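Asker: First the structure, which I've put down as structure tokens, then a few questions once you've had a look.
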There are 2 protein chains.
Amino acid sequence: MKNVLIIGAGRSATTLIKYLLDHSRQYGWLIMVADAEPSLAESKVNKHPNGLAVWLDASKPNDRKDLIRRADLVISLLPPHLHVAVAIDCLQLRKHFMTTSYLIPELQELHDTAKKSGLTFIAEIGFDPGLDHISVMPLIRKLQSRGNTIEGLRSYSGALIAPESDDNPWHYKFTWNPQNVINAGKGISQYLVDNQNKYIRYDWLFRRTRKVEVPSIGMLEMYLNRDALVYRRHYGLKKLPNILRGTLRYPGFCAAWDAIIRLGLTDDNYPIMESYQMPYKKLIEAFLEDSKGRLKDRVARYLGEDPSSPVMKKLSWLGLFGNKKIKLKHATPAAILKDLLLEKFALNPNDQDLVVLQHECDYISEGKKRTLVSSLVHKGSVKEGTAMSKAVGLPIGIIAKLVINGTFSDPGVHLPVHADLYGPVLQELAESGLEFIESEKEYSEFVL
Amino acid sequence: MKNVLIIGAGRSATTLIKYLLDHSRQYGWLIMVADAEPSLAESKVNKHPNGLAVWLDASKPNDRKDLIRRADLVISLLPPHLHVAVAIDCLQLRKHFMTTSYLIPELQELHDTAKKSGLTFIAEIGFDPGLDHISVMPLIRKLQSRGNTIEGLRSYSGALIAPESDDNPWHYKFTWNPQNVINAGKGISQYLVDNQNKYIRYDWLFRRTRKVEVPSIGMLEMYLNRDALVYRRHYGLKKLPNILRGTLRYPGFCAAWDAIIRLGLTDDNYPIMESYQMPYKKLIEAFLEDSKGRLKDRVARYLGEDPSSPVMKKLSWLGLFGNKKIKLKHATPAAILKDLLLEKFALNPNDQDLVVLQHECDYISEGKKRTLVSSLVHKGSVKEGTAMSKAVGLPIGIIAKLVINGTFSDPGVHLPVHADLYGPVLQELAESGLEFIESEKEYSEFVL
């Protein structure tokens, strides 16, 4: 019997746990689910005979190692700063290791030791990052095998609400981690154009957007997603002169989020004194210049908007100009915003969601520039399981299956870019309805 | 014999050490100067018979305590995060304690214990913060003693170059810590107007500026200086409805620094790959939108400036659009900027500097609003000692003298706002040429 240890039983774990339990009898696995909140782990295991819910405070090294010792493969779904400790435990105790989080330098440094020990360590194995890597590799290999030169790569993803459930002026609801939405763009935002590095500062990020056409969906809007440059090496395209990653939203979202940033509402480096029971309008007032007149008109002037513009309508709908009271004590603007949006952007029980992932790969074929497009558009529902939970959880589950059964082995620290990995993963995803559609189009210059 | 321990022999310590050594024979003091760099401490003590240079790594508790044990008063000029450890040592070993740094909550928490032990702990005793508190208190007391109601307080300070030595288009040189200039405004920037808290976001800070007239100097320009609200309590004006603190520059500086921020050059959260030997113009290019044309014209368009505007002239003078190469490896934009400015904003051996400190206190007298202004303008020189080193070092030295000689005692953790302290300090400063001039003017509404 092979043992899999999943550390962290939160949202990302649901589909993964179900997938592994569903396959556990067939392959003879024991699935141990560890969490600091035992009831959470228990509810996900749901008394499955091949499942075991365990209490674990992952910050305690001895408790953590006791559990890891009993596993053959460890999947860490912990907050990012705790992955490295788990990975180091896995090296010491000689266990395979997987995480959905970004491949940070501290993890990359373990490569040589993992390789020597014959251990497979894989990072970035969810939806984004994860499925983006898994799905771009066959495109790259196909173009290269035809002798084409790849000139540029743009990869976009979005966790959206389905058009049927789009019932607010933002055309947006939280279908995944709200904290990531509040913090979007606060780190580095970098792309490469004609071998020139390009950075976009936070206060320009939601202004320098671009339209992106997605088959069967239509026009979406994208803003830059972190640092694309690091992936040139992982994709085997070290000299690629153009690369960019973007996040997709329905048109209009970015301009309104830009207004949220300009109003200071995403700031998280100081608390607002006496925020409890303060009306939202008093918080907004705090970021405006001193002057008289109706708050909404002054906000519009500050933002350079017409008082009845789509951006102003979105802000009004959030209740920012009314007497609605803040519920948090001594909270940062970002915490206050998150609390408000958790209510306004909540999914309803009947809602459907949508995930979109699209690669646009510019290449030269017989002296002519063309673009190969590969798109995934998948719908889910709160009732049957969201598209997003499937798009995150299935890649982890399938990769875990391949590693635990010994079907796939690649000692060292890697992203999921190996042909022996992406082939089987994409095939099984297609069987579950997550299928990429390819199309060709004329090349047109991409300017951001 | 009384022993004074000064921890940190850097720039802030020079005038202080000289002042204490100059008075050491008269009062029978031993002045111990401790630094991680022994030659630095030695050069400042300069073999004075009442001085002792000591090597100290302040992060080592035992070494630190061995020295503190031998002192009666400890003056910490360490980086901010190390003050609290020294203050806690002083509590344990029953020594008086002083620091130039901000009174952070971790220090404030020691108040009750210090009070019970009869120990005087004073923070914020340099120029700003420090002399601003010392000089505002007699104004407040005077107005209150006349029965006037204080309605508003604005305190400004600036470390400037003297007009005689102003030979660059920025009208600015570094006369104190360059890092503070690079990081200015990155934390909270808050003021209070008619009891409404007002925050200014970083990317508006150098745009929402205001002209300030300083007697004998003329018009200067101010931008907001951190959080003014905390001082209402310290000044005994808990209900004051208007308070603001500002930093002074010559006109034109703020608009150009705003451009520096917008070009991404103060960002310090990621390193630039391959920055070594990269031309500055390639770094600037990285923050611009994709497009063709002359770099300088595109920067002007991005900033909304005319290519020959004063802001663009200041940027050109820094060499940002030329072939000059970056000297640092894998450095953040902020580190690259600091390296450049250290060269461009360096003081010459013949330069003179200027410190300015001004309070504007709005009050109601017999139903009429008026403003009492108190200003310090003091000039110094590189050769004879800068005005800034005097304005920082003398207040510390004088306060140290009063505490060590037992002339002043106020057990607990305080700012320098006690009448028994500010009276003697201001008198001795005036004798050294640092004198405040008071004037009255008509009230006019302050709008930021």
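Order determines the names: the first chain of the structure tokens is A, the second B, and so forth; residues in each chain are numbered 1 upward, and ligands are numbered 1 upward as they are shown.
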Counting only C-alpha atoms, collect the residues of chain B whose closest atom lies at most 6 Å from chain A, and write them out as a ChimeraX atom specification.

Answerer: /B:197-200,286-287,290,447

Asker: Hey, what does DSSP flag as strand (DSSP E or B) within stretch 138-248 of chain A? Can you give it to me as a ChimeraX atom specification?

Answerer: /A:149-161,190-193,196-199,210-214,218-224,227,242-248

Asker: With only C-alpha atoms as the counted atoms, please give the residues lying no more than 12 Å from B:Glu42, apart from itself and same-chain residues fewer than 5 positions off, as an MDAnalysis selection string.

Answerer: chainID B and resid 8:10 14 17 31:37 47:48 51:55

Asker: Output N, CA, C and O atoms for every residue in that selection, as a compact mmCIF listing (two decimals), in the first residue's frame.

Answerer:
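Wrote it out as again04.txt, contents follow:
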# COMPACT_ATOMS: atom_id res chain seq x y z
N GLY B 8 26.76 53.69 18.42
CA GLY B 8 26.64 54.14 17.03
C GLY B 8 27.44 55.42 16.85
O GLY B 8 27.10 56.44 17.43
N ALA B 9 28.52 55.36 16.04
CA ALA B 9 29.41 56.52 15.91
C ALA B 9 29.31 57.14 14.51
O ALA B 9 30.22 57.80 14.05
N GLY B 10 28.18 56.92 13.84
CA GLY B 10 28.00 57.42 12.47
C GLY B 10 27.75 58.91 12.41
O GLY B 10 28.07 59.66 13.35
N THR B 14 28.50 62.74 15.40
CA THR B 14 29.67 63.62 15.38
C THR B 14 29.55 64.82 16.33
O THR B 14 30.37 65.01 17.23
N ILE B 17 29.08 63.80 20.07
CA ILE B 17 30.31 63.36 20.75
C ILE B 17 31.19 64.57 21.07
O ILE B 17 31.71 64.70 22.18
N ILE B 31 33.04 59.63 28.35
CA ILE B 31 32.18 59.42 27.18
C ILE B 31 32.66 58.17 26.44
O ILE B 31 33.72 58.18 25.81
N MET B 32 31.86 57.09 26.52
CA MET B 32 32.20 55.85 25.82
C MET B 32 31.47 55.83 24.48
O MET B 32 30.25 55.99 24.44
N VAL B 33 32.22 55.64 23.40
CA VAL B 33 31.62 55.62 22.06
C VAL B 33 31.81 54.22 21.48
O VAL B 33 32.94 53.79 21.26
N ALA B 34 30.70 53.52 21.26
CA ALA B 34 30.76 52.13 20.80
C ALA B 34 30.27 52.03 19.37
O ALA B 34 29.24 52.61 19.01
N ASP B 35 30.99 51.29 18.55
CA ASP B 35 30.57 51.08 17.16
C ASP B 35 31.12 49.74 16.68
O ASP B 35 32.11 49.23 17.21
N ALA B 36 30.46 49.17 15.67
CA ALA B 36 30.92 47.91 15.08
C ALA B 36 32.22 48.13 14.31
O ALA B 36 32.96 47.19 14.04
N GLU B 37 32.47 49.41 13.96
CA GLU B 37 33.69 49.75 13.23
C GLU B 37 34.59 50.54 14.18
O GLU B 37 34.37 51.74 14.40
N LYS B 47 41.29 60.55 20.71
CA LYS B 47 42.22 60.47 21.86
C LYS B 47 41.93 61.46 22.98
O LYS B 47 42.84 61.84 23.74
N HIS B 48 40.70 61.92 23.07
CA HIS B 48 40.34 62.83 24.17
C HIS B 48 40.50 62.08 25.49
O HIS B 48 40.07 60.93 25.62
N GLY B 51 37.46 60.47 26.78
CA GLY B 51 36.73 59.66 25.79
C GLY B 51 37.27 58.25 25.74
O GLY B 51 38.43 58.00 26.10
N LEU B 52 36.44 57.32 25.31
CA LEU B 52 36.86 55.93 25.20
C LEU B 52 36.14 55.31 24.01
O LEU B 52 34.90 55.26 23.98
N ALA B 53 36.91 54.88 22.99
CA ALA B 53 36.30 54.22 21.83
C ALA B 53 36.24 52.72 22.11
O ALA B 53 37.22 52.13 22.57
N VAL B 54 35.07 52.12 21.86
CA VAL B 54 34.88 50.70 22.17
C VAL B 54 34.31 49.99 20.95
O VAL B 54 33.45 50.53 20.26
N TRP B 55 34.75 48.76 20.72
CA TRP B 55 34.18 47.96 19.65
C TRP B 55 32.94 47.25 20.19
O TRP B 55 32.96 46.69 21.26

Asker: Please indicate the distance in Å from atom CA of A:Asn323 to atom CA of A:Phe345, rounded to one decimal place.

Answerer: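 Pair atom CA of A:Asn323 / atom CA of A:Phe345 returns 19.5 Å.
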
Asker: Please indicate the distance in Å from atom CA of A:Tyr231 to atom CA of A:His111, rounded to one decimal place.

Answerer: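 Computing the Euclidean distance for atom CA of A:Tyr231 and atom CA of A:His111 yields 16.8 Å.
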
Asker: I want to know what sits within 9 Å of B:Ala334, based on only C-alpha atoms, with residues of the same chain fewer than 3 positions away left out; could you give that as JSON, numbers by chain?

Answerer: {"B": [182, 183, 264, 265, 266, 267, 268, 269, 331, 337, 338, 339]}

Asker: Produce a file of the selected residues containing all heavy atoms, as a CSV table (one decimal), in the first residue's frame.

Answerer:
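This is the output file again26.csv:
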chain,number,residue,atom,x,y,z
B,182,ILE,N,15.4,58.7,-0.5
B,182,ILE,CA,14.9,57.7,-1.5
B,182,ILE,C,13.6,57.1,-1.0
B,182,ILE,O,12.7,56.9,-1.8
B,182,ILE,CB,16.0,56.6,-1.7
B,182,ILE,CG1,17.3,57.1,-2.0
B,182,ILE,CG2,15.5,55.5,-2.6
B,182,ILE,CD1,17.5,57.6,-3.4
B,183,ASN,N,13.5,56.8,0.3
B,183,ASN,CA,12.3,56.2,0.8
B,183,ASN,C,11.2,57.1,1.2
B,183,ASN,O,10.1,56.6,1.7
B,183,ASN,CB,12.7,55.3,2.0
B,183,ASN,CG,13.4,54.0,1.6
B,183,ASN,OD1,13.3,53.6,0.4
B,183,ASN,ND2,14.2,53.5,2.5
B,264,GLY,N,9.3,54.6,-11.8
B,264,GLY,CA,9.6,53.4,-11.1
B,264,GLY,C,10.9,53.3,-10.4
B,264,GLY,O,11.3,52.3,-9.9
B,265,LEU,N,11.6,54.5,-10.4
B,265,LEU,CA,13.0,54.4,-9.9
B,265,LEU,C,13.1,54.3,-8.4
B,265,LEU,O,14.2,54.1,-7.9
B,265,LEU,CB,13.8,55.7,-10.4
B,265,LEU,CG,13.9,55.7,-11.9
B,265,LEU,CD1,14.6,57.0,-12.4
B,265,LEU,CD2,14.7,54.5,-12.4
B,266,THR,N,12.0,54.5,-7.6
B,266,THR,CA,12.1,54.3,-6.2
B,266,THR,C,11.7,53.0,-5.7
B,266,THR,O,11.7,52.7,-4.5
B,266,THR,CB,11.3,55.4,-5.4
B,266,THR,OG1,9.9,55.3,-5.8
B,266,THR,CG2,11.8,56.8,-5.8
B,267,ASP,N,11.2,52.1,-6.7
B,267,ASP,CA,10.8,50.8,-6.3
B,267,ASP,C,11.9,50.0,-5.7
B,267,ASP,O,13.0,50.0,-6.2
B,267,ASP,CB,10.3,50.0,-7.6
B,267,ASP,CG,8.9,50.5,-8.0
B,267,ASP,OD1,8.3,51.3,-7.2
B,267,ASP,OD2,8.3,50.1,-9.0
B,268,ASP,N,11.6,49.2,-4.6
B,268,ASP,CA,12.7,48.4,-4.0
B,268,ASP,C,12.3,47.0,-3.7
B,268,ASP,O,12.9,46.3,-2.9
B,268,ASP,CB,13.2,49.1,-2.8
B,268,ASP,CG,12.2,49.3,-1.7
B,268,ASP,OD1,11.0,48.9,-1.9
B,268,ASP,OD2,12.5,49.8,-0.6
B,269,ASN,N,11.2,46.6,-4.4
B,269,ASN,CA,10.7,45.2,-4.1
B,269,ASN,C,11.2,44.1,-5.1
B,269,ASN,O,10.7,43.0,-5.0
B,269,ASN,CB,9.2,45.2,-3.8
B,269,ASN,CG,8.4,45.7,-5.0
B,269,ASN,OD1,9.0,46.2,-6.0
B,269,ASN,ND2,7.1,45.5,-5.0
B,331,ALA,N,20.6,44.9,-8.9
B,331,ALA,CA,20.2,45.8,-7.9
B,331,ALA,C,18.7,46.3,-8.1
B,331,ALA,O,18.3,46.3,-9.3
B,331,ALA,CB,21.1,47.1,-7.9
B,337,LEU,N,19.1,54.1,-8.1
B,337,LEU,CA,18.8,55.5,-8.0
B,337,LEU,C,19.7,56.1,-6.9
B,337,LEU,O,20.3,57.2,-7.1
B,337,LEU,CB,17.3,55.8,-7.7
B,337,LEU,CG,17.0,57.2,-7.4
B,337,LEU,CD1,17.1,58.0,-8.7
B,337,LEU,CD2,15.5,57.3,-6.8
B,338,LYS,N,19.8,55.5,-5.8
B,338,LYS,CA,20.6,56.0,-4.7
B,338,LYS,C,22.1,56.1,-5.1
B,338,LYS,O,22.7,57.2,-4.8
B,338,LYS,CB,20.5,55.1,-3.5
B,338,LYS,CG,21.2,55.6,-2.2
B,338,LYS,CD,21.1,54.6,-1.1
B,338,LYS,CE,22.1,54.9,0.0
B,338,LYS,NZ,22.1,53.8,1.0
B,339,ASP,N,22.6,55.1,-5.8
B,339,ASP,CA,24.0,55.1,-6.2
B,339,ASP,C,24.2,56.3,-7.2
B,339,ASP,O,25.2,57.0,-7.1
B,339,ASP,CB,24.3,53.8,-7.0
B,339,ASP,CG,25.7,53.7,-7.3
B,339,ASP,OD1,26.6,53.7,-6.4
B,339,ASP,OD2,26.0,53.6,-8.5

Asker: Between atom CA of A:His81 and atom CA of A:Ala123, what is the distance, to one decimal in Å?

Answerer: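 Separation between atom CA of A:His81 and atom CA of A:Ala123: 13.7 Å.
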
Asker: Nearest to B:His83: which of B:Ala162, B:Ala41, B:Ile7, B:Leu426 is it, counting only C-alpha atoms?

Answerer: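 Under the stated criterion, the closest residue is B:Ile7.
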
Asker: Using only C-alpha atoms, determine which residues lie at most 6 Å from A:Asp353, disregarding the query and same-chain residues fewer than 5 positions distant; provide the list as a ChimeraX atom specification.

Answerer: /A:160-162,379-381

Asker: Please provide as a list in words all residues within 7 Å of stretch 211-222 of chain A, with the sequence filter that same-chain residues fewer than 3 positions apart are discarded (counting only C-alpha atoms).

Answerer: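 In the requested format, the answer is Gly246, Thr247, Leu248, Arg249, Tyr250 and Pro251 of chain A.
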
Asker: With only C-alpha atoms as the counted atoms, please give the residues lying no more than 12 Å from stretch 438-442 of chain A, apart from itself and same-chain residues fewer than 5 positions off, as a list in words.

Answerer: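 Residues meeting the cut-off are Ser135, Val136, Pro138, Leu139, Lys142, Glu213, Val214, Pro215, Leu357, Gln358, His359, Glu360, Cys361, Asp362, Tyr363, Ile364, Ser365, Lys368, Lys369, Arg370, Thr371, Leu372, Val373, Ser374, Ser375, Leu376 and Val377 of chain A.
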
Asker: For N, CA, C and O atoms, I'd like the residues from the last selection saved as an mmCIF file, in the first residue's frame.

Answerer:
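Final output, result.cif:
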data_model
loop_
_atom_site.group_PDB
_atom_site.id
_atom_site.type_symbol
_atom_site.label_atom_id
_atom_site.label_comp_id
_atom_site.auth_asym_id
_atom_site.auth_seq_id
_atom_site.Cartn_x
_atom_site.Cartn_y
_atom_site.Cartn_z
ATOM 1 N N SER A 135 -0.039 22.847 -20.565
ATOM 2 C CA SER A 135 -0.685 22.964 -21.872
ATOM 3 C C SER A 135 0.165 23.702 -22.901
ATOM 4 O O SER A 135 -0.060 23.563 -24.104
ATOM 5 N N VAL A 136 1.145 24.477 -22.462
ATOM 6 C CA VAL A 136 1.943 25.220 -23.450
ATOM 7 C C VAL A 136 3.026 24.327 -24.053
ATOM 8 O O VAL A 136 3.444 24.535 -25.192
ATOM 9 N N PRO A 138 3.166 21.134 -25.229
ATOM 10 C CA PRO A 138 2.934 20.461 -26.517
ATOM 11 C C PRO A 138 2.879 21.435 -27.695
ATOM 12 O O PRO A 138 3.287 21.072 -28.811
ATOM 13 N N LEU A 139 2.410 22.666 -27.471
ATOM 14 C CA LEU A 139 2.409 23.668 -28.546
ATOM 15 C C LEU A 139 3.826 23.965 -28.993
ATOM 16 O O LEU A 139 4.136 24.006 -30.182
ATOM 17 N N LYS A 142 5.396 21.037 -30.779
ATOM 18 C CA LYS A 142 4.844 20.839 -32.118
ATOM 19 C C LYS A 142 5.471 21.811 -33.118
ATOM 20 O O LYS A 142 5.908 21.397 -34.191
ATOM 21 N N GLU A 213 -9.112 38.287 -27.541
ATOM 22 C CA GLU A 213 -10.281 37.553 -28.036
ATOM 23 C C GLU A 213 -10.143 36.075 -27.686
ATOM 24 O O GLU A 213 -9.128 35.443 -27.975
ATOM 25 N N VAL A 214 -11.170 35.534 -27.055
ATOM 26 C CA VAL A 214 -11.161 34.119 -26.696
ATOM 27 C C VAL A 214 -12.314 33.425 -27.436
ATOM 28 O O VAL A 214 -13.460 33.864 -27.328
ATOM 29 N N PRO A 215 -11.997 32.364 -28.217
ATOM 30 C CA PRO A 215 -13.051 31.662 -28.976
ATOM 31 C C PRO A 215 -14.199 31.241 -28.064
ATOM 32 O O PRO A 215 -13.949 30.775 -26.952
ATOM 33 N N LEU A 357 -8.200 29.641 -20.232
ATOM 34 C CA LEU A 357 -6.742 29.618 -20.320
ATOM 35 C C LEU A 357 -6.411 29.669 -21.802
ATOM 36 O O LEU A 357 -7.003 28.914 -22.593
ATOM 37 N N GLN A 358 -5.556 30.587 -22.193
ATOM 38 C CA GLN A 358 -5.252 30.714 -23.624
ATOM 39 C C GLN A 358 -3.794 31.057 -23.845
ATOM 40 O O GLN A 358 -3.251 31.941 -23.191
ATOM 41 N N HIS A 359 -3.169 30.323 -24.773
ATOM 42 C CA HIS A 359 -1.802 30.640 -25.206
ATOM 43 C C HIS A 359 -1.850 31.197 -26.620
ATOM 44 O O HIS A 359 -2.593 30.669 -27.458
ATOM 45 N N GLU A 360 -1.051 32.210 -26.879
ATOM 46 C CA GLU A 360 -0.875 32.718 -28.236
ATOM 47 C C GLU A 360 0.612 32.661 -28.544
ATOM 48 O O GLU A 360 1.411 33.321 -27.878
ATOM 49 N N CYS A 361 0.943 31.849 -29.524
ATOM 50 C CA CYS A 361 2.345 31.557 -29.801
ATOM 51 C C CYS A 361 2.696 32.062 -31.201
ATOM 52 O O CYS A 361 2.211 31.533 -32.199
ATOM 53 N N ASP A 362 3.496 33.146 -31.274
ATOM 54 C CA ASP A 362 3.898 33.692 -32.573
ATOM 55 C C ASP A 362 5.095 32.901 -33.089
ATOM 56 O O ASP A 362 6.052 32.685 -32.342
ATOM 57 N N TYR A 363 5.067 32.498 -34.367
ATOM 58 C CA TYR A 363 6.189 31.739 -34.912
ATOM 59 C C TYR A 363 6.392 32.097 -36.372
ATOM 60 O O TYR A 363 5.509 32.683 -37.011
ATOM 61 N N ILE A 364 7.570 31.743 -36.882
ATOM 62 C CA ILE A 364 7.872 32.009 -38.287
ATOM 63 C C ILE A 364 7.902 30.685 -39.038
ATOM 64 O O ILE A 364 8.606 29.755 -38.657
ATOM 65 N N SER A 365 7.064 30.611 -40.066
ATOM 66 C CA SER A 365 6.995 29.418 -40.895
ATOM 67 C C SER A 365 7.216 29.847 -42.336
ATOM 68 O O SER A 365 6.458 30.676 -42.856
ATOM 69 N N LYS A 368 7.188 33.558 -42.939
ATOM 70 C CA LYS A 368 5.956 34.301 -42.659
ATOM 71 C C LYS A 368 5.605 34.145 -41.173
ATOM 72 O O LYS A 368 5.695 33.040 -40.630
ATOM 73 N N LYS A 369 5.207 35.259 -40.569
ATOM 74 C CA LYS A 369 4.831 35.197 -39.145
ATOM 75 C C LYS A 369 3.380 34.761 -39.013
ATOM 76 O O LYS A 369 2.497 35.285 -39.708
ATOM 77 N N ARG A 370 3.152 33.814 -38.119
ATOM 78 C CA ARG A 370 1.789 33.358 -37.855
ATOM 79 C C ARG A 370 1.614 33.195 -36.348
ATOM 80 O O ARG A 370 2.564 33.257 -35.575
ATOM 81 N N THR A 371 0.389 32.968 -35.918
ATOM 82 C CA THR A 371 0.118 32.786 -34.498
ATOM 83 C C THR A 371 -0.718 31.527 -34.284
ATOM 84 O O THR A 371 -1.761 31.354 -34.918
ATOM 85 N N LEU A 372 -0.224 30.658 -33.417
ATOM 86 C CA LEU A 372 -0.974 29.452 -33.042
ATOM 87 C C LEU A 372 -1.639 29.736 -31.692
ATOM 88 O O LEU A 372 -0.979 30.169 -30.743
ATOM 89 N N VAL A 373 -2.955 29.511 -31.649
ATOM 90 C CA VAL A 373 -3.711 29.803 -30.431
ATOM 91 C C VAL A 373 -4.236 28.498 -29.842
ATOM 92 O O VAL A 373 -4.732 27.641 -30.575
ATOM 93 N N SER A 374 -4.109 28.340 -28.535
ATOM 94 C CA SER A 374 -4.665 27.152 -27.870
ATOM 95 C C SER A 374 -5.506 27.653 -26.696
ATOM 96 O O SER A 374 -5.016 28.415 -25.862
ATOM 97 N N SER A 375 -6.774 27.235 -26.662
ATOM 98 C CA SER A 375 -7.700 27.801 -25.669
ATOM 99 C C SER A 375 -8.457 26.715 -24.919
ATOM 100 O O SER A 375 -8.921 25.745 -25.495
ATOM 101 N N LEU A 376 -8.586 26.940 -23.626
ATOM 102 C CA LEU A 376 -9.464 26.121 -22.786
ATOM 103 C C LEU A 376 -10.552 27.034 -22.229
ATOM 104 O O LEU A 376 -10.250 28.085 -21.653
ATOM 105 N N VAL A 377 -11.797 26.668 -22.436
ATOM 106 C CA VAL A 377 -12.917 27.387 -21.824
ATOM 107 C C VAL A 377 -13.774 26.316 -21.159
ATOM 108 O O VAL A 377 -14.259 25.406 -21.832
#

Asker: From the list A:Ala228, A:Val299, A:Val413, A:Leu421, which residue is nearest A:Asp112 when using only C-alpha atoms?

Answerer: A:Val413

Asker: With DSSP run on the backbone, what are the alpha helix (DSSP H) residues within stretch 208-409 of chain A? I'd like them as JSON, numbers by chain.

Answerer: {"A": [231, 232, 233, 234, 253, 254, 255, 256, 257, 258, 259, 260, 261, 262, 280, 281, 282, 283, 284, 285, 295, 296, 297, 298, 299, 300, 301, 302, 303, 310, 311, 312, 313, 314, 315, 316, 317, 333, 334, 335, 336, 337, 338, 339, 340, 341, 342, 343, 344, 387, 388, 389, 390, 391, 392, 393, 394, 395, 396, 397, 398, 399, 400, 401, 402, 403, 404]}

Asker: Restricting the calculation to only C-alpha atoms, which member of A:Ala114, A:Ala87, A:Ala346, A:Leu415 is positioned closest to A:Arg233?

Answerer: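 Of A:Ala114, A:Ala87, A:Ala346, A:Leu415, the one nearest A:Arg233, counting only C-alpha atoms, is A:Leu415.
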
Asker: With distances taken over only C-alpha atoms, which residue among B:Ile150, B:Ile399, B:Val355, B:Leu107 lies nearest B:Cys90?

Answerer: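 Closest to B:Cys90 of all the choices is B:Leu107.
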